[in-house]
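Below is one structure, written out as structure tokens, with a few remarks after it.
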Amino acid sequence: MVKYDLNSELDAGRVEVVQSVDISQFPELRMVNLIHQIMSQERDSPWGVKTGGSIGSRPIEHNGIIYFGANDHNFYALDEKTGKELWRFKAGGIVSAWSSAAIWRERLIFTCFDGNVYCISLDGKRLIWKSGTGDKIACTPLICDDMVIFGSKDKNLYAVSAKNGEGIWKISLTHEIVSHPMAHRGYIYIGSRGGIHKISPKGRIIWNYYVPGDVDSGIAAIGELLFFGCTDRNVYCVTTKGEFGWKYPTQGPIISDAVVKNGRIYIGSFDYNMYCIDLNGNLLWRFGTDDVVGTCFVFGDRIYFSSFGHHIYCLNGEGKLLWKRPLERIAHILVTRMGVYAGSWNCKLYALSKEGGLLWEFFTSLGYPSDIEFEPSEEISLAVIYTQEQKETLGKEKEIRGVHAYGEIGSQYVEKDMRDYIGEPLEKGGLPGMAYKSRKGVYRK
């Protein structure tokens with residue numbers, strides 16, 4: 001039985017909270033909330049996903065074909081115009097969770113939960129090689145100098161030959177790796193659940209830059225600057241020499257990739273906002289949504305992105321809404337000249353026009369979504385702050401709405417003197433309904 005221990009993170013005697021509760025007491029709990037819980041508290045976000053028809057991967061397009069992996073253990077190829085299935089390749093586990101495939105010389109290379117990286121022919125008919133690790137893999141492989149570079153849950157970063165999959169080097173980063181490796185100016189940069197790392201092409205660590213959170217997202221670069229988001233709720237700028245540049249605080253953890261385009265940084269946060277920041281760390285605009293914001297896709301003068309629970313959004317360059325389309329549980333999107341393609345946790349891949357109209361939809365082989373499971377005997381520790389009136393009302397009616405993003409517990413009894421993790425009162429822009437892991441002094445009676 002998984003329980004939420006709501007008392008362990010609070011200072012003794014500082015405030016009273018609801019005691020441990022069984023997960024079964026939350027009838028309105030949605031799959032997206034479970035995903036957020038795992039991402040936050042156990043730092044095990046990709047690994048708790050089980051087999052099902054859900055699509056957690058990022059689609060890619062090549063020569064009019066859409067390629068993506070699914071949790072039904074299949075890697076798919078669809079006609080971009082019609083959505084007709086061209087072929088599927090059966091792997092040994094969940095395929096390309098939270099990541100995309102890469103293409104190298106008429107070959108497709110993708111990662112899998114069975115601990116292998118697969119290299120198959122572009123027509124899907126032939127397995128060329130596969131290379132194993134000590135645990136699950138959930139990152140996009142990087143092709144660099146005829147090497148395939150990728151990280152694993154086993155805490156190692158690997159480089160293998162793109163030609164035959166033979167190992168070239170392996171280094172330990174001492175933390176699980178979910179982030180996608182990135183090549184910039186002759187070096188490799190990657191995030192881990194300890195910070196970011198600069199690696200030489202020969203597998204030597206140049207420097208490690210540690211942050212008080214997880215870097216599960218991809219890193220963006222321009223010139224001598226690197227940009228990334230962190231679960232400590234900040235967007236960071238670090239130089240290629242490993243020196244601190246600046247950080248911009250958001251009100252939620254960040255696991256979406258940083259995207260740099262035309263001198264602007266776009267990044268989504270668990271505080272339900274898409275942020276646009278200049279290269280000096282100044283906010284240009286932010287756009288509020290109805291749920292956790294995923295990685296954006298900048299195409300021309302438009303910005304496309306999804307909120308995991310409810311919609312796909314299209315904004316202009318100034319952050320103004322052009323359109324939004326209701327689609328539930330969208331994990332990642334792809335934008336091409338033909339349209340917008342979105343993988344969903346409800347077992348569908350959607351194709352939309354550039355104006356949001358539905359073109360077609362494709363069902364994966366399993367009609368049920370993937371479950372999210374915790375490790376047996378593990379507990380999730382949350383700090384939830386209630387006012388005295390909230391506590392008394394909650395004690396009488398025992399009404400809790402459910403678990404929300406990154407350890408939040410949403411109650412309908414939220415007053416203005418409740419603050420979030422970074423201490424911003426509601427009347428000064430703090431977001432309602434938040435109960436992040438608390439720090440000393442945040443709560444004030």
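Each chain in the structure tokens gets a letter, A, B, ..., in the order shown, and its residues are numbered from 1; ligands are numbered from 1 in order too.
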Next item on the list: Within 12 Å of stretch 307-310 of chain A, counting only C-alpha atoms, which residues show up once you throw out same-chain ones fewer than 3 positions away? Write them as an MDAnalysis selection string, please.
Entry: chainID A and resid 30:33 35:36 56 256 268:274 287:296 304 313:314 324:333 342:346 404:405
Item checked: For stretch 184-200 of chain A: contacts at 8 Å, only C-alpha atoms, fewer than 3 positions along chain excluded, given as a ChimeraX atom specification -> /A:173,175-181,203-219,221
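Distances from A:Gly151, A:Pro369, A:Pro59, A:Gly357 to A:Lys136 were compared using only C-alpha atoms, and the smallest one belongs to A:Gly151.
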Next item on the list: From a DSSP pass on the backbone, collect the residues of stretch 37-237 of chain A flagged as strand (DSSP E) and hand them back as a count of residues only.
Entry: 91
Using only C-alpha atoms, which residues of stretch 126-163 of chain A come within 10 Å of stretch 84-103 of chain A, and what is the closest atom pair for each, with the distance in Å to one decimal? Give it as JSON lines, sorted by chain and residue number.
{"residue": "A:Arg126", "atom": "CA", "partner": "A:Phe89", "partner_atom": "CA", "distance": 8.9}
{"residue": "A:Leu127", "atom": "CA", "partner": "A:Phe89", "partner_atom": "CA", "distance": 9.0}
{"residue": "A:Lys136", "atom": "CA", "partner": "A:Gly93", "partner_atom": "CA", "distance": 9.2}
{"residue": "A:Ile137", "atom": "CA", "partner": "A:Ser96", "partner_atom": "CA", "distance": 8.0}
{"residue": "A:Ala138", "atom": "CA", "partner": "A:Ala97", "partner_atom": "CA", "distance": 5.2}
{"residue": "A:Cys139", "atom": "CA", "partner": "A:Ser99", "partner_atom": "CA", "distance": 5.1}
{"residue": "A:Thr140", "atom": "CA", "partner": "A:Ser99", "partner_atom": "CA", "distance": 4.8}
{"residue": "A:Pro141", "atom": "CA", "partner": "A:Ala102", "partner_atom": "CA", "distance": 6.4}
{"residue": "A:Leu142", "atom": "CA", "partner": "A:Ala102", "partner_atom": "CA", "distance": 7.2}
{"residue": "A:Ile143", "atom": "CA", "partner": "A:Ala102", "partner_atom": "CA", "distance": 7.4}
{"residue": "A:Val148", "atom": "CA", "partner": "A:Ala102", "partner_atom": "CA", "distance": 9.3}
Export of the given selection (N, CA and C atoms) as a JSON list (two decimals), in the first residue's frame:
[["chain", "number", "residue", "atom", "x", "y", "z"],
["A", 126, "ARG", "N", 14.74, -4.64, -40.52],
["A", 126, "ARG", "CA", 15.95, -5.32, -40.07],
["A", 126, "ARG", "C", 16.53, -4.68, -38.83],
["A", 127, "LEU", "N", 16.85, -5.50, -37.84],
["A", 127, "LEU", "CA", 17.62, -5.04, -36.69],
["A", 127, "LEU", "C", 19.09, -5.09, -37.08],
["A", 136, "LYS", "N", 17.25, 0.73, -17.40],
["A", 136, "LYS", "CA", 16.38, 1.36, -18.38],
["A", 136, "LYS", "C", 17.01, 2.63, -18.97],
["A", 137, "ILE", "N", 16.54, 2.97, -20.19],
["A", 137, "ILE", "CA", 17.01, 4.17, -20.87],
["A", 137, "ILE", "C", 15.80, 4.99, -21.29],
["A", 138, "ALA", "N", 15.87, 6.30, -21.06],
["A", 138, "ALA", "CA", 14.73, 7.17, -21.38],
["A", 138, "ALA", "C", 15.16, 8.49, -21.99],
["A", 139, "CYS", "N", 16.29, 8.52, -22.68],
["A", 139, "CYS", "CA", 16.76, 9.77, -23.27],
["A", 139, "CYS", "C", 16.86, 9.63, -24.79],
["A", 140, "THR", "N", 16.90, 10.77, -25.46],
["A", 140, "THR", "CA", 17.12, 10.78, -26.91],
["A", 140, "THR", "C", 18.60, 10.55, -27.19],
["A", 141, "PRO", "N", 18.94, 9.57, -28.02],
["A", 141, "PRO", "CA", 20.37, 9.35, -28.32],
["A", 141, "PRO", "C", 20.93, 10.48, -29.16],
["A", 142, "LEU", "N", 22.17, 10.83, -28.89],
["A", 142, "LEU", "CA", 22.88, 11.86, -29.65],
["A", 142, "LEU", "C", 23.83, 11.17, -30.63],
["A", 143, "ILE", "N", 23.79, 11.59, -31.90],
["A", 143, "ILE", "CA", 24.73, 11.09, -32.89],
["A", 143, "ILE", "C", 25.82, 12.14, -33.05],
["A", 148, "VAL", "N", 27.09, 7.00, -31.03],
["A", 148, "VAL", "CA", 25.77, 7.18, -30.42],
["A", 148, "VAL", "C", 26.01, 7.36, -28.92]]
Checklist line | Residues near A:Gly223, cut-off 12 Å, only C-alpha atoms, skip fewer than 3 positions along chain, as a list of chain:residue names | finding: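 Near neighbours after the sequence-gap exclusion: A:His184, A:Arg185, A:Ala220, A:Leu226, A:Phe227, A:Cys237, A:Val238, A:Thr239, A:Thr240, A:Lys241, A:Val260, A:Gly263, A:Leu279.
The closest residue to A:Trp169, picked from A:Arg302, A:Lys81, A:Lys202, A:Arg58 and counting only C-alpha atoms, is A:Lys202.
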Checklist line | One-decimal distance in Å that lies between atom CA of A:Ser353 and atom CA of A:Ile265 | finding: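 Computed distance, atom CA of A:Ile265 to atom CA of A:Ser353, equals 25.3 Å.
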Next item on the list: Mind checking which residues fall within 8 Å of A:Gly281, counting only C-alpha atoms, ignoring those fewer than 3 positions away in the same chain, and posting them as a PyMOL selection string?
Entry: chain A and resi 237+246-248+277-278
Checklist line | Best match for closeness to A:Ala183 among A:Pro201, A:Gly167, A:Gly242, A:Gly52, counting only C-alpha atoms | finding: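 Of A:Pro201, A:Gly167, A:Gly242, A:Gly52, the one nearest A:Ala183, counting only C-alpha atoms, is A:Pro201.
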What's around A:Ile168 at 12 Å? Count only C-alpha atoms, leave out sequence neighbours fewer than 4 positions away in its own chain, and write the answer as a PDB file with C-alpha atoms, in the first residue's frame.
ATOM      1  CA  SER A 131      23.644  -2.206 -27.379  1.00  0.00           C
ATOM      2  CA  ASP A 145      31.254  11.838 -34.844  1.00  0.00           C
ATOM      3  CA  ASP A 146      29.732   8.462 -35.802  1.00  0.00           C
ATOM      4  CA  MET A 147      29.117   7.713 -32.134  1.00  0.00           C
ATOM      5  CA  VAL A 148      25.773   7.177 -30.424  1.00  0.00           C
ATOM      6  CA  ILE A 149      25.828   8.823 -26.989  1.00  0.00           C
ATOM      7  CA  LEU A 157      26.918   7.825 -19.946  1.00  0.00           C
ATOM      8  CA  TYR A 158      27.733   5.609 -22.936  1.00  0.00           C
ATOM      9  CA  ALA A 159      29.285   6.090 -26.357  1.00  0.00           C
ATOM     10  CA  VAL A 160      28.953   3.263 -28.890  1.00  0.00           C
ATOM     11  CA  SER A 161      29.728   2.980 -32.570  1.00  0.00           C
ATOM     12  CA  ALA A 162      26.846   4.110 -34.773  1.00  0.00           C
ATOM     13  CA  LYS A 163      27.983   1.549 -37.320  1.00  0.00           C
ATOM     14  CA  ASN A 164      27.895  -1.633 -35.228  1.00  0.00           C
ATOM     15  CA  PRO A 201      34.410  13.444 -27.304  1.00  0.00           C
ATOM     16  CA  LYS A 202      36.786  10.859 -25.826  1.00  0.00           C
ATOM     17  CA  GLY A 203      34.707  10.418 -22.690  1.00  0.00           C
TER      18      GLY A 203
END
Margin query: Under the rule that only C-alpha atoms are counted, which of A:Ile120, A:Leu284, A:Cys276, A:Cys230 is the nearest residue to A:Asp257?
Written below: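 Once distances to A:Asp257 are computed over only C-alpha atoms, the minimum belongs to A:Cys230.
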Margin query: So that I can check the surroundings of A:Gly69, please list as a VMD selection string every protein, DNA and RNA residue that reaches within 7 Å of it, counting only C-alpha atoms and ignoring chain neighbours fewer than 3 positions away.
Written below: chain A and resid 55 57 74 to 76 95 to 96
Saved selection, atoms kept: C-alpha atoms, as a PDB file, in the first residue's frame:
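After the write, result_13.pdb holds the following:
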ATOM      1  CA  ILE A  55       2.626   7.373 -26.187  1.00  0.00           C
ATOM      2  CA  SER A  57       7.790   9.612 -26.808  1.00  0.00           C
ATOM      3  CA  ASN A  74       6.416  -0.995 -30.602  1.00  0.00           C
ATOM      4  CA  PHE A  75       8.267   1.528 -32.718  1.00  0.00           C
ATOM      5  CA  TYR A  76       5.909   2.884 -35.404  1.00  0.00           C
ATOM      6  CA  VAL A  95      10.125   2.494 -26.503  1.00  0.00           C
ATOM      7  CA  SER A  96      11.540   6.014 -26.422  1.00  0.00           C
TER       8      SER A  96
END
Notebook entry, point to check: In Å, with one decimal, what is the gap from atom CA of A:Gly300 to atom CA of A:Tyr275?
Noted result: 17.9 Å
